Structures are given as structure tokens and as C-alpha cells.
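*Asks:* Below you'll find the structure I mean.
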Amino acid sequence: MVDQRDQDDEARRLRGRTRSVGDYFAGEQHLLKPLPTEPFETGRWFTPRVDRFSQISVRGNTYSVPVRFIGRQMRVLLHANELIVYAGRTVVTRHERLGGRNGSCLVLDHYLEALMRKPGAFPRSTALEQACSAGRFTPVHDKWWAAAKAAHGDAAGTRALIEVLLLGRHMDHEQVVAGLAAAYRAGALTADAVALEARKLAESDG
């Protein structure tokens with residue numbers, strides 16, 4: 001749409017002028033400097049410190065980072081649509097930029113080590129709520145979790161689920177969900193069983 005508006009504007013004549021906008025541009029185009037040959041950064045840098053909730057605050061909104069960075073100062077590059085968090089030169093995580101103020105974007109994976117130590121906090125965590133809303137924590141997860149708690153007790157069953165979620169760091173999300181479904185049907189309620197089923201399904205797909 002913008003390109004079409006530019007083309008349409010070339011035929012426009014300013015009041016009191018004898019030539020069109022396109023004619024004037026053709027006469028001046030050779031005076032323009034060339035475009036940069038190297039990419040240049042258009043984002044804005046921030047250096048927030050990670051609070052005790054494993055979150056950073058940027059422009060009135062909070063974003064999670066892995067719990068191992070609590071207390072550290074991070075480098076954050078804020079773009080129009082994305083926020084990138086660095087530890088030194090290494091990308092730690094990326095978030096979709098939040099609009100407005102007082103919003104939060106929490107990734108469940110960032111809290112798994114802490115929740116492993118305190119499984120009782122898992123069911124009521126905001127990160128879990130956001131994972132459910134985003135479709136990352138599915139009804140398949142919920143069914144397997146309920147069965148694991150019934151078999152092993154609430155704490156042990158929740159830890160088993162967290163071990164399953166940790167599989168997502170080196171396996172595709174779809175593979176883990178498929179592994180959960182297969183393990184649930186087989187009554188296999190350990191993370192090792194889920195990993196085995198996920199690998200079997202991945203190999204058969206391959």
C-alpha cells in the first residue's frame with residue numbers, strides 16, 4: 001500500500017510548480033547518499049537487574065529470565081516488537097514486547113529448577129497460568145500430571161511433570177506432547193518413559 005501511494009504521488013504537482021513530484025525527485029536522486037553497506041542496530045539498550053522473582057522490568061513491564069540469573073545485571077535490547085535479553089554476548093531469552101504498562105510475560109521453563117525444589121508452588125504459579133493460556137501447557141500435560149500425582153503423591157507427581165517439561169529444552173514441544181499422550185495411554189508415569197515414547201515417535205516420523 002505504501003509503495004502504491006509513493007507511485008501515485010509521483011504524478012502530483014505542488015501548487016505554483018510546473019513539474020511533478022516525480023520529476024523533481026529524478027533531478028535530485030543522484031545527490032542522495034547510498035544506503036549503508038552494513039546493518040545497523042535500531043533497538044534501544046537497557047541494563048536492568050534481575051529481581052528475586054527472576055524478572056526484569058523494562059518500560060513499565062516485566063519479563064522473566066532463567067532463575068540462575070537472579071541478582072545479575074542483564075543487557076536488554078528492545079525493538080518495536082521484540083525484547084532480547086543477553087548475558088554478556090550470549091542471548092538468554094527472547095520475548096514478544098508488551099504494549100502498555102504493568103504487564104508481565106513469564107516463561108514457565110525459566111522457573112523449572114526453582115519449582116523442582118518447591119513443587120507445591122507449581123499449581124498456583126503465574127508462569128503456569130500463562131503457559132496454559134498460550135497453549136504450551138496442554139490438556140495432555142494436565143491428564144498425565146493428574147495420573148502421576150495419583151500414583152506417586154502430589155509432590156513426587158509434580159516433580160515428575162517438571163522433569164517432563166525439562167525435556168522440552170532438547171526435544172520439540174510436539175514430540176514431548178506426543179510422548180506424554182503415549183505414556184499416559186500405557187500408564188507410564190515417569191519422565192524417562194515419556195522421553196522414550198517421544199523418541200520412538202520421532203524416529204518413526206523420521
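By order in the C-alpha cells, chains are A, B, ...; within a chain, residues start at 1; ligands start at 1, following the order shown.
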Could you pull out the residues in chain A that DSSP calls strand (DSSP E) from the backbone, as JSON, numbers by chain?

*Replies:* {"A": [44, 45, 46, 55, 56, 57, 58, 61, 62, 63, 64, 75, 76, 77, 78, 82, 83, 84, 85, 86, 87, 90, 91, 92, 93, 94, 95, 96, 104, 105]}

*Asks:* Please dump the current selection as a PDB file, in the first residue's frame; keep C-alpha atoms.

*Replies:*
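Below is the file result38.pdb, written as the result:
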```pdb
ATOM      1  CA  ARG A  44      17.385   0.556  22.386  1.00  0.00           C
ATOM      2  CA  TRP A  45      19.646  -0.882  25.082  1.00  0.00           C
ATOM      3  CA  PHE A  46      18.761  -1.238  28.771  1.00  0.00           C
ATOM      4  CA  GLN A  55      12.136 -10.949  36.366  1.00  0.00           C
ATOM      5  CA  ILE A  56      13.426  -7.771  34.768  1.00  0.00           C
ATOM      6  CA  SER A  57      11.487  -4.547  34.342  1.00  0.00           C
ATOM      7  CA  VAL A  58      11.673  -2.672  31.037  1.00  0.00           C
ATOM      8  CA  ASN A  61       6.516  -4.176  32.031  1.00  0.00           C
ATOM      9  CA  THR A  62       8.173  -7.274  33.498  1.00  0.00           C
ATOM     10  CA  TYR A  63       9.737 -10.209  31.655  1.00  0.00           C
ATOM     11  CA  SER A  64      11.118 -13.466  33.041  1.00  0.00           C
ATOM     12  CA  ARG A  75      21.777  -6.359  28.799  1.00  0.00           C
ATOM     13  CA  VAL A  76      18.417  -5.946  27.098  1.00  0.00           C
ATOM     14  CA  LEU A  77      17.795  -4.881  23.520  1.00  0.00           C
ATOM     15  CA  LEU A  78      14.294  -3.517  22.988  1.00  0.00           C
ATOM     16  CA  GLU A  82      10.653  -7.957  20.454  1.00  0.00           C
ATOM     17  CA  LEU A  83      12.797  -7.869  23.573  1.00  0.00           C
ATOM     18  CA  ILE A  84      16.111  -9.774  23.634  1.00  0.00           C
ATOM     19  CA  VAL A  85      17.968 -10.497  26.881  1.00  0.00           C
ATOM     20  CA  TYR A  86      21.748 -11.016  26.862  1.00  0.00           C
ATOM     21  CA  ALA A  87      24.239 -12.302  29.414  1.00  0.00           C
ATOM     22  CA  THR A  90      25.015 -14.668  24.729  1.00  0.00           C
ATOM     23  CA  VAL A  91      21.276 -14.499  24.065  1.00  0.00           C
ATOM     24  CA  VAL A  92      19.480 -15.747  27.182  1.00  0.00           C
ATOM     25  CA  THR A  93      15.880 -15.402  26.058  1.00  0.00           C
ATOM     26  CA  ARG A  94      13.549 -13.538  23.737  1.00  0.00           C
ATOM     27  CA  HIS A  95      10.104 -12.148  24.492  1.00  0.00           C
ATOM     28  CA  GLU A  96       7.390 -10.548  22.460  1.00  0.00           C
ATOM     29  CA  SER A 104       4.094  -9.413  32.590  1.00  0.00           C
ATOM     30  CA  CYS A 105       5.463 -12.065  30.246  1.00  0.00           C
TER      31      CYS A 105
END
```

*Asks:* Could the residues of segment 86-124 of chain A that have an atom at most 12 Å from segment 134-149 of chain A be listed as a tab-separated table, each with its closest atom pair and the distance in Å to one decimal, counting only C-alpha atoms and ordered by chain and ascending residue number?

*Replies:*
```
residue	atom	partner	partner_atom	distance
A:Cys105	CA	A:Ala134	CA	10.9
A:Leu106	CA	A:Ala134	CA	10.8
A:Val107	CA	A:Arg136	CA	9.7
A:Leu108	CA	A:Arg136	CA	9.0
A:Asp109	CA	A:Arg136	CA	10.3
A:Pro119	CA	A:Lys149	CA	11.5
A:Gly120	CA	A:Lys149	CA	11.9
A:Phe122	CA	A:Trp145	CA	11.5
A:Pro123	CA	A:Trp145	CA	10.6
```

*Asks:* May I have the selected residues written with all heavy atoms, as a compact mmCIF listing (two decimals), in the first residue's frame?

*Replies:*
```txt
# COMPACT_ATOMS: atom_id res chain seq x y z
N CYS A 105 5.29 -10.96 31.19
CA CYS A 105 5.46 -12.06 30.25
C CYS A 105 6.40 -13.07 30.91
O CYS A 105 7.61 -12.81 31.01
CB CYS A 105 6.03 -11.55 28.93
SG CYS A 105 6.16 -12.81 27.65
N LEU A 106 5.84 -14.18 31.37
CA LEU A 106 6.61 -15.17 32.13
C LEU A 106 6.65 -16.48 31.37
O LEU A 106 5.62 -16.97 30.91
CB LEU A 106 5.98 -15.39 33.51
CG LEU A 106 5.68 -14.13 34.34
CD1 LEU A 106 5.12 -14.52 35.69
CD2 LEU A 106 6.92 -13.27 34.51
N VAL A 107 7.84 -17.05 31.26
CA VAL A 107 8.04 -18.32 30.57
C VAL A 107 8.22 -19.41 31.63
O VAL A 107 9.12 -19.32 32.47
CB VAL A 107 9.26 -18.27 29.64
CG1 VAL A 107 9.51 -19.63 29.00
CG2 VAL A 107 9.06 -17.21 28.57
N LEU A 108 7.37 -20.42 31.58
CA LEU A 108 7.41 -21.48 32.59
C LEU A 108 8.78 -22.14 32.67
O LEU A 108 9.26 -22.46 33.77
CB LEU A 108 6.33 -22.51 32.28
CG LEU A 108 6.15 -23.66 33.27
CD1 LEU A 108 5.85 -23.14 34.67
CD2 LEU A 108 5.06 -24.61 32.79
N ASP A 109 9.43 -22.34 31.54
CA ASP A 109 10.73 -23.00 31.51
C ASP A 109 11.77 -22.27 32.37
O ASP A 109 12.68 -22.90 32.91
CB ASP A 109 11.22 -23.10 30.07
CG ASP A 109 12.55 -23.82 29.96
OD1 ASP A 109 12.56 -25.06 30.04
OD2 ASP A 109 13.59 -23.13 29.82
N PRO A 119 7.82 -27.91 44.69
CA PRO A 119 6.75 -28.32 43.78
C PRO A 119 5.37 -27.84 44.20
O PRO A 119 4.48 -27.73 43.36
CB PRO A 119 6.84 -29.85 43.81
CG PRO A 119 7.51 -30.18 45.11
CD PRO A 119 8.49 -29.05 45.34
N GLY A 120 5.21 -27.52 45.47
CA GLY A 120 3.91 -27.03 45.92
C GLY A 120 3.53 -25.69 45.32
O GLY A 120 2.35 -25.34 45.27
N PHE A 122 4.05 -24.92 42.19
CA PHE A 122 3.80 -25.08 40.75
C PHE A 122 2.34 -24.86 40.36
O PHE A 122 2.07 -24.11 39.41
CB PHE A 122 4.27 -26.47 40.32
CG PHE A 122 4.16 -26.72 38.84
CD1 PHE A 122 5.19 -26.36 37.98
CD2 PHE A 122 3.03 -27.31 38.29
CE1 PHE A 122 5.10 -26.58 36.62
CE2 PHE A 122 2.93 -27.54 36.94
CZ PHE A 122 3.95 -27.16 36.10
N PRO A 123 1.36 -25.48 41.04
CA PRO A 123 -0.03 -25.37 40.56
C PRO A 123 -0.56 -23.94 40.54
O PRO A 123 -1.42 -23.62 39.71
CB PRO A 123 -0.81 -26.22 41.56
CG PRO A 123 0.20 -27.15 42.16
CD PRO A 123 1.47 -26.35 42.21
```

*Asks:* Need to verify the contact set: segment 170-184 of chain A, 6 Å, only C-alpha atoms, exclusion of same-chain residues closer than 4 positions in sequence. Can you return it as a PyMOL selection string?

*Replies:* chain A and resi 144+188+194+197-198

*Asks:* Go ahead and save the picked residues with N, CA, C and O atoms, as a PDB file, in the first residue's frame.

*Replies:*
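Full text of again.pdb as output:
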```pdb
ATOM      1  N   TRP A 144      -1.749 -36.292  32.288  1.00  0.00           N
ATOM      2  CA  TRP A 144      -0.591 -37.066  32.751  1.00  0.00           C
ATOM      3  C   TRP A 144      -0.200 -36.639  34.159  1.00  0.00           C
ATOM      4  O   TRP A 144       0.129 -37.478  35.007  1.00  0.00           O
ATOM      5  N   ALA A 188       2.392 -45.226  31.845  1.00  0.00           N
ATOM      6  CA  ALA A 188       3.802 -44.993  32.198  1.00  0.00           C
ATOM      7  C   ALA A 188       3.928 -43.575  32.742  1.00  0.00           C
ATOM      8  O   ALA A 188       3.804 -42.606  31.995  1.00  0.00           O
ATOM      9  N   VAL A 194       8.246 -41.026  29.271  1.00  0.00           N
ATOM     10  CA  VAL A 194       7.789 -40.016  28.305  1.00  0.00           C
ATOM     11  C   VAL A 194       8.882 -39.760  27.270  1.00  0.00           C
ATOM     12  O   VAL A 194       8.613 -39.686  26.063  1.00  0.00           O
ATOM     13  N   GLU A 197       9.027 -42.707  24.823  1.00  0.00           N
ATOM     14  CA  GLU A 197       7.921 -42.687  23.873  1.00  0.00           C
ATOM     15  C   GLU A 197       8.104 -41.560  22.847  1.00  0.00           C
ATOM     16  O   GLU A 197       7.830 -41.738  21.653  1.00  0.00           O
ATOM     17  N   ALA A 198       8.571 -40.411  23.308  1.00  0.00           N
ATOM     18  CA  ALA A 198       8.773 -39.279  22.397  1.00  0.00           C
ATOM     19  C   ALA A 198       9.839 -39.606  21.355  1.00  0.00           C
ATOM     20  O   ALA A 198       9.686 -39.297  20.170  1.00  0.00           O
TER      21      ALA A 198
END
```

*Asks:* Write out as a PyMOL selection string the set of residues from segment 64-150 of chain A that DSSP, computed on the backbone, places in helix (DSSP H, G or I).

*Replies:* chain A and resi 67-69+108-117+119-121+126-133+139-150

*Asks:* Which of these residues is nearest to Ala156 of chain A, using only C-alpha atoms: A:Asp23, A:Arg124, A:Arg5, A:Lys118?

*Replies:*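 Of A:Asp23, A:Arg124, A:Arg5, A:Lys118, the one nearest Ala156 of chain A is A:Lys118, counting only C-alpha atoms.
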